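Undergrad: First the structure, which I've put down as structure tokens, then a few questions once you've had a look.
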There are 2 protein chains.
Amino acid sequence: MNNHNPELIPRGDEKLPLSRLALNLITVGTAHPLADVLSACARYGIRTISPWQEHYAGPGVSQAARLIRDHDISVNTVCRMTGFGAAITSAQWQAALDGARQIIDEAAELRAASITVVGGGIGADGDLTGARERIVTGVAEVLDHARAAGVTLALEALHPMVAAERGVINTVAQAVRYARRLGDGASVMIDAYNSWWDPELGESIKNASGLIGGYQVSDWRVPTDSLVFDRTIPGDGIIDLKSIRRQVELAGYQTTVEIEILSSRLSSQPLDELLPAVIAGFENHC
Amino acid sequence: MNNHNPELIPRGDEKLPLSRLALNLITVGTAHPLADVLSACARYGIRTISPWQEHYAGPGVSQAARLIRDHDISVNTVCRMTGFGAAITSAQWQAALDGARQIIDEAAELRAASITVVGGGIGADGDLTGARERIVTGVAEVLDHARAAGVTLALEALHPMVAAERGVINTVAQAVRYARRLGDGASVMIDAYNSWWDPELGESIKNASGLIGGYQVSDWRVPTDSLVFDRTIPGDGIIDLKSIRRQVELAGYQTTVEIEILSSRLSSQPLDELLPAVIAGFENHC
């Protein structure tokens, strides 16, 4: 037992209530028109979504924001702030800062709680330490802008297998250190798929108490055949998602559990097949 | 400057002497007859090798040991002790123990300094913590046998991308903890490819001082398209191998640098193309 609002924490044998589900839209790919995705979400009782920029690029952010509100849907996080790690020329650095300020403005218009910050991979200089420092420096530079916009910047540890190409924050402990360095307005996005293997995960989640800005889930297939696009629905893999969720809840984060499945196999399924399967995985295995 | 036998530590602009090279034979695949590989090694001045069991299964370990000595070649480590992580039935457990004792006897016959222990992935029960405990328990059970045979058991952290399928020791810090728990006869095998991304790597290598039983290298390609078989020759990827080697040396391990490249692309090359390229990568980029 615990004394952290235990009534909010379903025991292992209870279904997770659909009200806690956020659907990260990358789960359904980027081919569907946003309006189709939103009406499917509404039809299945999904009330919170997280778009990538690709999802609102078509209609534009203002029209997308209206569409989302018209469906009585909220936005959890916008994906993703990146490009700092590899920004080794001043032109690349300026482009990364411009991109960061743009996504902050978009997130504000979407009334998102946060932006997921992956920061980016290694630059052409091959400098891992430099890439990490550039991410902290870049986020620090746009943090005032984010605070003014009322949007939290949630630092996400990516799986080490995508460190070189996608993001050099690779453990929750590292994300927590950076978020503390950045201070007010920065938080940590924990992704079970990226971090389940981490021998320090339990300790790192405890240390993240008060700093957790989001919790994302998907499952690890055995065998796995892609470094990026082979995630699967909770219950179809080997991650003990219930245990990780409980640790996240005990650390004080007890709201949204976001399904984010990058899978070329699944995202090509029709929405009316994929969404019910996602919901069943969420309710029974998260 | 440092006071750890600085004369043994080439500066960044010096070639690493060929006398420090060990060639892990998985680099050349498993298709060549052992005798061909050994004569190619002798021809190129490679005096230390590390076989996988597949490399001596053909001739048998006694004949292989004779062949290796006939070429005046030494054995660094034998790969690999595994199978404990997934051993959830008593038959699986017994098979893992039998396999471990067998490879210890083989390593002794080959006069190897160590056996590389990866321990194995997750069992059908999906229990990550259980798999980790089984590895420590299994290694503890055969440690006396290894001590008596004069062979060190070197625990290797595998890359987290292969945790589920190959090995659930995934950081150097974790390998160091287990080696300390196991005590005399256990050591740590550091593999730069598996651990380069680790934000705690520098600290973990320092903490491994006195426990390092081997150091393996290969390089990380960008992009990488396989979780296992897309490693490359030092210098052809993004790992700062010179920096990691220097940290390993400062922690007291100043002997062999073992090239271990798992690459279906490279292992199919003729020995007379591959070995000179490997040696050049070793001398200039390790």
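We name chains A, B, ... following the order of the structure tokens; residues begin at 1 in each chain, and ligands are numbered from 1 as shown.
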Residues of chain A within 10 Å of chain B, counting only C-alpha atoms - could you list those as a PyMOL selection string?
TA: chain A and resi 122-129+132+159-165+168-171+173-174+194-200+220-228+237-240
Undergrad: Would you mind listing what lies within 9 Å of A:Ser50 as a PyMOL selection string, with only C-alpha atoms counted and same-chain residues fewer than 5 positions away left out?
TA: chain A and resi 22-26+74-79+112+258+260
Undergrad: Got time to write the residues from that selection, N, CA, C and O atoms, as a PDB file, in the first residue's frame?
TA:
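What landed in again_30.pdb:
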```pdb
ATOM      1  N   ALA A  22      -4.000   8.684 -23.307  1.00  0.00           N
ATOM      2  CA  ALA A  22      -3.691   9.656 -24.364  1.00  0.00           C
ATOM      3  C   ALA A  22      -3.177   8.852 -25.547  1.00  0.00           C
ATOM      4  O   ALA A  22      -2.417   7.893 -25.373  1.00  0.00           O
ATOM      5  N   LEU A  23      -3.606   9.217 -26.737  1.00  0.00           N
ATOM      6  CA  LEU A  23      -3.136   8.522 -27.929  1.00  0.00           C
ATOM      7  C   LEU A  23      -2.139   9.397 -28.667  1.00  0.00           C
ATOM      8  O   LEU A  23      -2.498  10.470 -29.185  1.00  0.00           O
ATOM      9  N   ASN A  24      -0.901   8.969 -28.691  1.00  0.00           N
ATOM     10  CA  ASN A  24       0.061   9.673 -29.520  1.00  0.00           C
ATOM     11  C   ASN A  24      -0.218   9.297 -30.970  1.00  0.00           C
ATOM     12  O   ASN A  24      -0.257   8.115 -31.325  1.00  0.00           O
ATOM     13  N   LEU A  25      -0.446  10.306 -31.798  1.00  0.00           N
ATOM     14  CA  LEU A  25      -0.969  10.050 -33.143  1.00  0.00           C
ATOM     15  C   LEU A  25       0.021   9.348 -34.069  1.00  0.00           C
ATOM     16  O   LEU A  25      -0.388   8.815 -35.105  1.00  0.00           O
ATOM     17  N   ILE A  26       1.302   9.295 -33.693  1.00  0.00           N
ATOM     18  CA  ILE A  26       2.236   8.553 -34.543  1.00  0.00           C
ATOM     19  C   ILE A  26       1.836   7.077 -34.589  1.00  0.00           C
ATOM     20  O   ILE A  26       2.202   6.352 -35.531  1.00  0.00           O
ATOM     21  N   SER A  74      -8.461  16.975 -25.903  1.00  0.00           N
ATOM     22  CA  SER A  74      -7.344  17.763 -25.367  1.00  0.00           C
ATOM     23  C   SER A  74      -6.022  17.267 -25.938  1.00  0.00           C
ATOM     24  O   SER A  74      -5.910  16.120 -26.363  1.00  0.00           O
ATOM     25  N   VAL A  75      -5.032  18.154 -25.873  1.00  0.00           N
ATOM     26  CA  VAL A  75      -3.701  17.781 -26.349  1.00  0.00           C
ATOM     27  C   VAL A  75      -2.764  17.615 -25.156  1.00  0.00           C
ATOM     28  O   VAL A  75      -2.660  18.509 -24.310  1.00  0.00           O
ATOM     29  N   ASN A  76      -2.105  16.461 -25.105  1.00  0.00           N
ATOM     30  CA  ASN A  76      -1.169  16.180 -24.019  1.00  0.00           C
ATOM     31  C   ASN A  76       0.205  16.770 -24.328  1.00  0.00           C
ATOM     32  O   ASN A  76       0.627  17.734 -23.724  1.00  0.00           O
ATOM     33  N   THR A  77       0.875  16.209 -25.312  1.00  0.00           N
ATOM     34  CA  THR A  77       2.208  16.714 -25.646  1.00  0.00           C
ATOM     35  C   THR A  77       2.326  16.838 -27.168  1.00  0.00           C
ATOM     36  O   THR A  77       1.626  16.137 -27.911  1.00  0.00           O
ATOM     37  N   VAL A  78       3.176  17.749 -27.612  1.00  0.00           N
ATOM     38  CA  VAL A  78       3.449  17.891 -29.040  1.00  0.00           C
ATOM     39  C   VAL A  78       4.864  17.373 -29.291  1.00  0.00           C
ATOM     40  O   VAL A  78       5.794  17.677 -28.542  1.00  0.00           O
ATOM     41  N   CYS A  79       5.005  16.554 -30.333  1.00  0.00           N
ATOM     42  CA  CYS A  79       6.298  15.932 -30.642  1.00  0.00           C
ATOM     43  C   CYS A  79       6.882  16.564 -31.905  1.00  0.00           C
ATOM     44  O   CYS A  79       6.185  16.702 -32.889  1.00  0.00           O
ATOM     45  N   ALA A 112      -1.493  22.532 -25.617  1.00  0.00           N
ATOM     46  CA  ALA A 112      -0.816  21.320 -25.141  1.00  0.00           C
ATOM     47  C   ALA A 112      -0.204  21.561 -23.770  1.00  0.00           C
ATOM     48  O   ALA A 112       0.203  22.675 -23.445  1.00  0.00           O
ATOM     49  N   GLU A 258       0.225   7.557 -21.950  1.00  0.00           N
ATOM     50  CA  GLU A 258       0.147   7.833 -23.385  1.00  0.00           C
ATOM     51  C   GLU A 258       0.656   6.644 -24.193  1.00  0.00           C
ATOM     52  O   GLU A 258       1.794   6.201 -24.034  1.00  0.00           O
ATOM     53  N   GLU A 260       2.194   5.375 -27.325  1.00  0.00           N
ATOM     54  CA  GLU A 260       2.960   5.862 -28.481  1.00  0.00           C
ATOM     55  C   GLU A 260       3.674   4.671 -29.111  1.00  0.00           C
ATOM     56  O   GLU A 260       4.693   4.209 -28.618  1.00  0.00           O
TER      57      GLU A 260
END
```
Undergrad: For A:Arg166, list every protein, DNA or RNA residue within 9 Å, evaluated using only C-alpha atoms, and leave out those in the same chain fewer than 6 positions away; present the list as a VMD selection string.
TA: chain A and resid 82 to 83 85 118 to 122 158
Undergrad: Determine the nearest neighbour of A:Gln94 from the options A:Pro51, A:Gly138, A:Gly60, A:Pro276, counting only C-alpha atoms.
TA: A:Gly138
Undergrad: Can you pull out every residue within 9 Å of B:Leu67, counting only C-alpha atoms, but drop anything in the same chain fewer than 4 positions away, and send it as a VMD selection string?
TA: chain B and resid 34 to 35 38 62 to 63 71 to 73
Undergrad: Skipping near chain neighbours, those fewer than 3 positions away, what residues fall within 8 Å of A:Gly235 using only C-alpha atoms, listed as a list in words?
TA: Asp219, Ile238, Gly281, Asn284, His285 and Cys286 of chain A
Undergrad: Any idea what the distance is between atom CA of B:Gly210 and atom CA of B:Gln53?
TA: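 The value is 27.7 Å.
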Undergrad: Can you list, as a VMD selection string, every residue of stretch 137-212 of chain A that DSSP puts in strand (DSSP E)?
TA: chain A and resid 152 to 156 186 to 191 212
Undergrad: Please give the complete set of residues from stretch 57-194 of chain B that DSSP, run on the backbone, assigns to helix (DSSP H, G or I), formatted as an MDAnalysis selection string.
TA: chainID B and resid 57 61:70 90:109 128:149 160:162 172:182 192:194
Undergrad: Neighbouring residues of B:Leu262 were defined as those with any atom within 10 Å, considering only C-alpha atoms; residues of the same chain fewer than 4 positions away were excluded. Please report them as a PyMOL selection string.
TA: chain B and resi 24-29+218+228-233+266-267
Undergrad: Generate a file of the selected residues that holds N, CA and C atoms, formatted as an mmCIF file, in the first residue's frame.
TA:
```cif
data_model
loop_
_atom_site.group_PDB
_atom_site.id
_atom_site.type_symbol
_atom_site.label_atom_id
_atom_site.label_comp_id
_atom_site.auth_asym_id
_atom_site.auth_seq_id
_atom_site.Cartn_x
_atom_site.Cartn_y
_atom_site.Cartn_z
ATOM 1 N N ASN B 24 38.948 -10.897 -32.337
ATOM 2 C CA ASN B 24 37.841 -11.798 -32.043
ATOM 3 C C ASN B 24 37.386 -12.400 -33.371
ATOM 4 N N LEU B 25 37.380 -13.730 -33.438
ATOM 5 C CA LEU B 25 37.204 -14.406 -34.729
ATOM 6 C C LEU B 25 35.812 -14.231 -35.330
ATOM 7 N N ILE B 26 34.828 -13.771 -34.536
ATOM 8 C CA ILE B 26 33.506 -13.537 -35.114
ATOM 9 C C ILE B 26 33.605 -12.455 -36.193
ATOM 10 N N THR B 27 34.662 -11.659 -36.126
ATOM 11 C CA THR B 27 34.911 -10.617 -37.126
ATOM 12 C C THR B 27 35.023 -11.196 -38.531
ATOM 13 N N VAL B 28 35.592 -12.413 -38.636
ATOM 14 C CA VAL B 28 35.732 -13.045 -39.960
ATOM 15 C C VAL B 28 34.624 -14.068 -40.207
ATOM 16 N N GLY B 29 33.621 -14.066 -39.368
ATOM 17 C CA GLY B 29 32.497 -14.988 -39.549
ATOM 18 C C GLY B 29 32.837 -16.386 -39.070
ATOM 19 N N SER B 218 34.556 -1.983 -31.671
ATOM 20 C CA SER B 218 34.119 -1.946 -33.063
ATOM 21 C C SER B 218 33.440 -0.590 -33.178
ATOM 22 N N VAL B 228 22.100 -6.357 -34.438
ATOM 23 C CA VAL B 228 23.223 -7.230 -34.078
ATOM 24 C C VAL B 228 24.386 -7.164 -35.076
ATOM 25 N N PHE B 229 24.077 -7.246 -36.361
ATOM 26 C CA PHE B 229 25.136 -7.528 -37.347
ATOM 27 C C PHE B 229 25.497 -6.347 -38.243
ATOM 28 N N ASP B 230 25.528 -5.141 -37.677
ATOM 29 C CA ASP B 230 25.883 -3.986 -38.502
ATOM 30 C C ASP B 230 26.989 -3.145 -37.877
ATOM 31 N N ARG B 231 27.853 -3.799 -37.112
ATOM 32 C CA ARG B 231 29.019 -3.088 -36.574
ATOM 33 C C ARG B 231 30.012 -2.809 -37.702
ATOM 34 N N THR B 232 30.969 -1.943 -37.434
ATOM 35 C CA THR B 232 31.957 -1.685 -38.479
ATOM 36 C C THR B 232 33.365 -1.488 -37.909
ATOM 37 N N ILE B 233 34.289 -1.315 -38.838
ATOM 38 C CA ILE B 233 35.712 -1.172 -38.504
ATOM 39 C C ILE B 233 35.962 0.169 -37.810
ATOM 40 N N LEU B 266 30.779 -7.306 -43.513
ATOM 41 C CA LEU B 266 32.239 -7.442 -43.501
ATOM 42 C C LEU B 266 32.718 -8.880 -43.416
ATOM 43 N N SER B 267 31.994 -9.719 -42.661
ATOM 44 C CA SER B 267 32.526 -11.069 -42.413
ATOM 45 C C SER B 267 32.531 -11.915 -43.680
#
```
Undergrad: Could you please determine the separation between atom CA of A:Ala148 and atom CA of A:Arg181 in Å, to one decimal place?
TA: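 It comes out at 18.9 Å.
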Undergrad: Figure out the distance between atom CA of B:Ala157 and atom CA of B:Gln102, please, to one decimal in Å.
TA: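 If I compute the distance from atom CA of B:Gln102 to atom CA of B:Ala157, I get 22.2 Å.
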Undergrad: Which residue gives the smallest distance to B:Val37 among B:Glu283, B:Leu271, B:Val217, B:Arg265, with only C-alpha atoms counted?
TA: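 That would be B:Leu271, the residue with the smallest distance to B:Val37.
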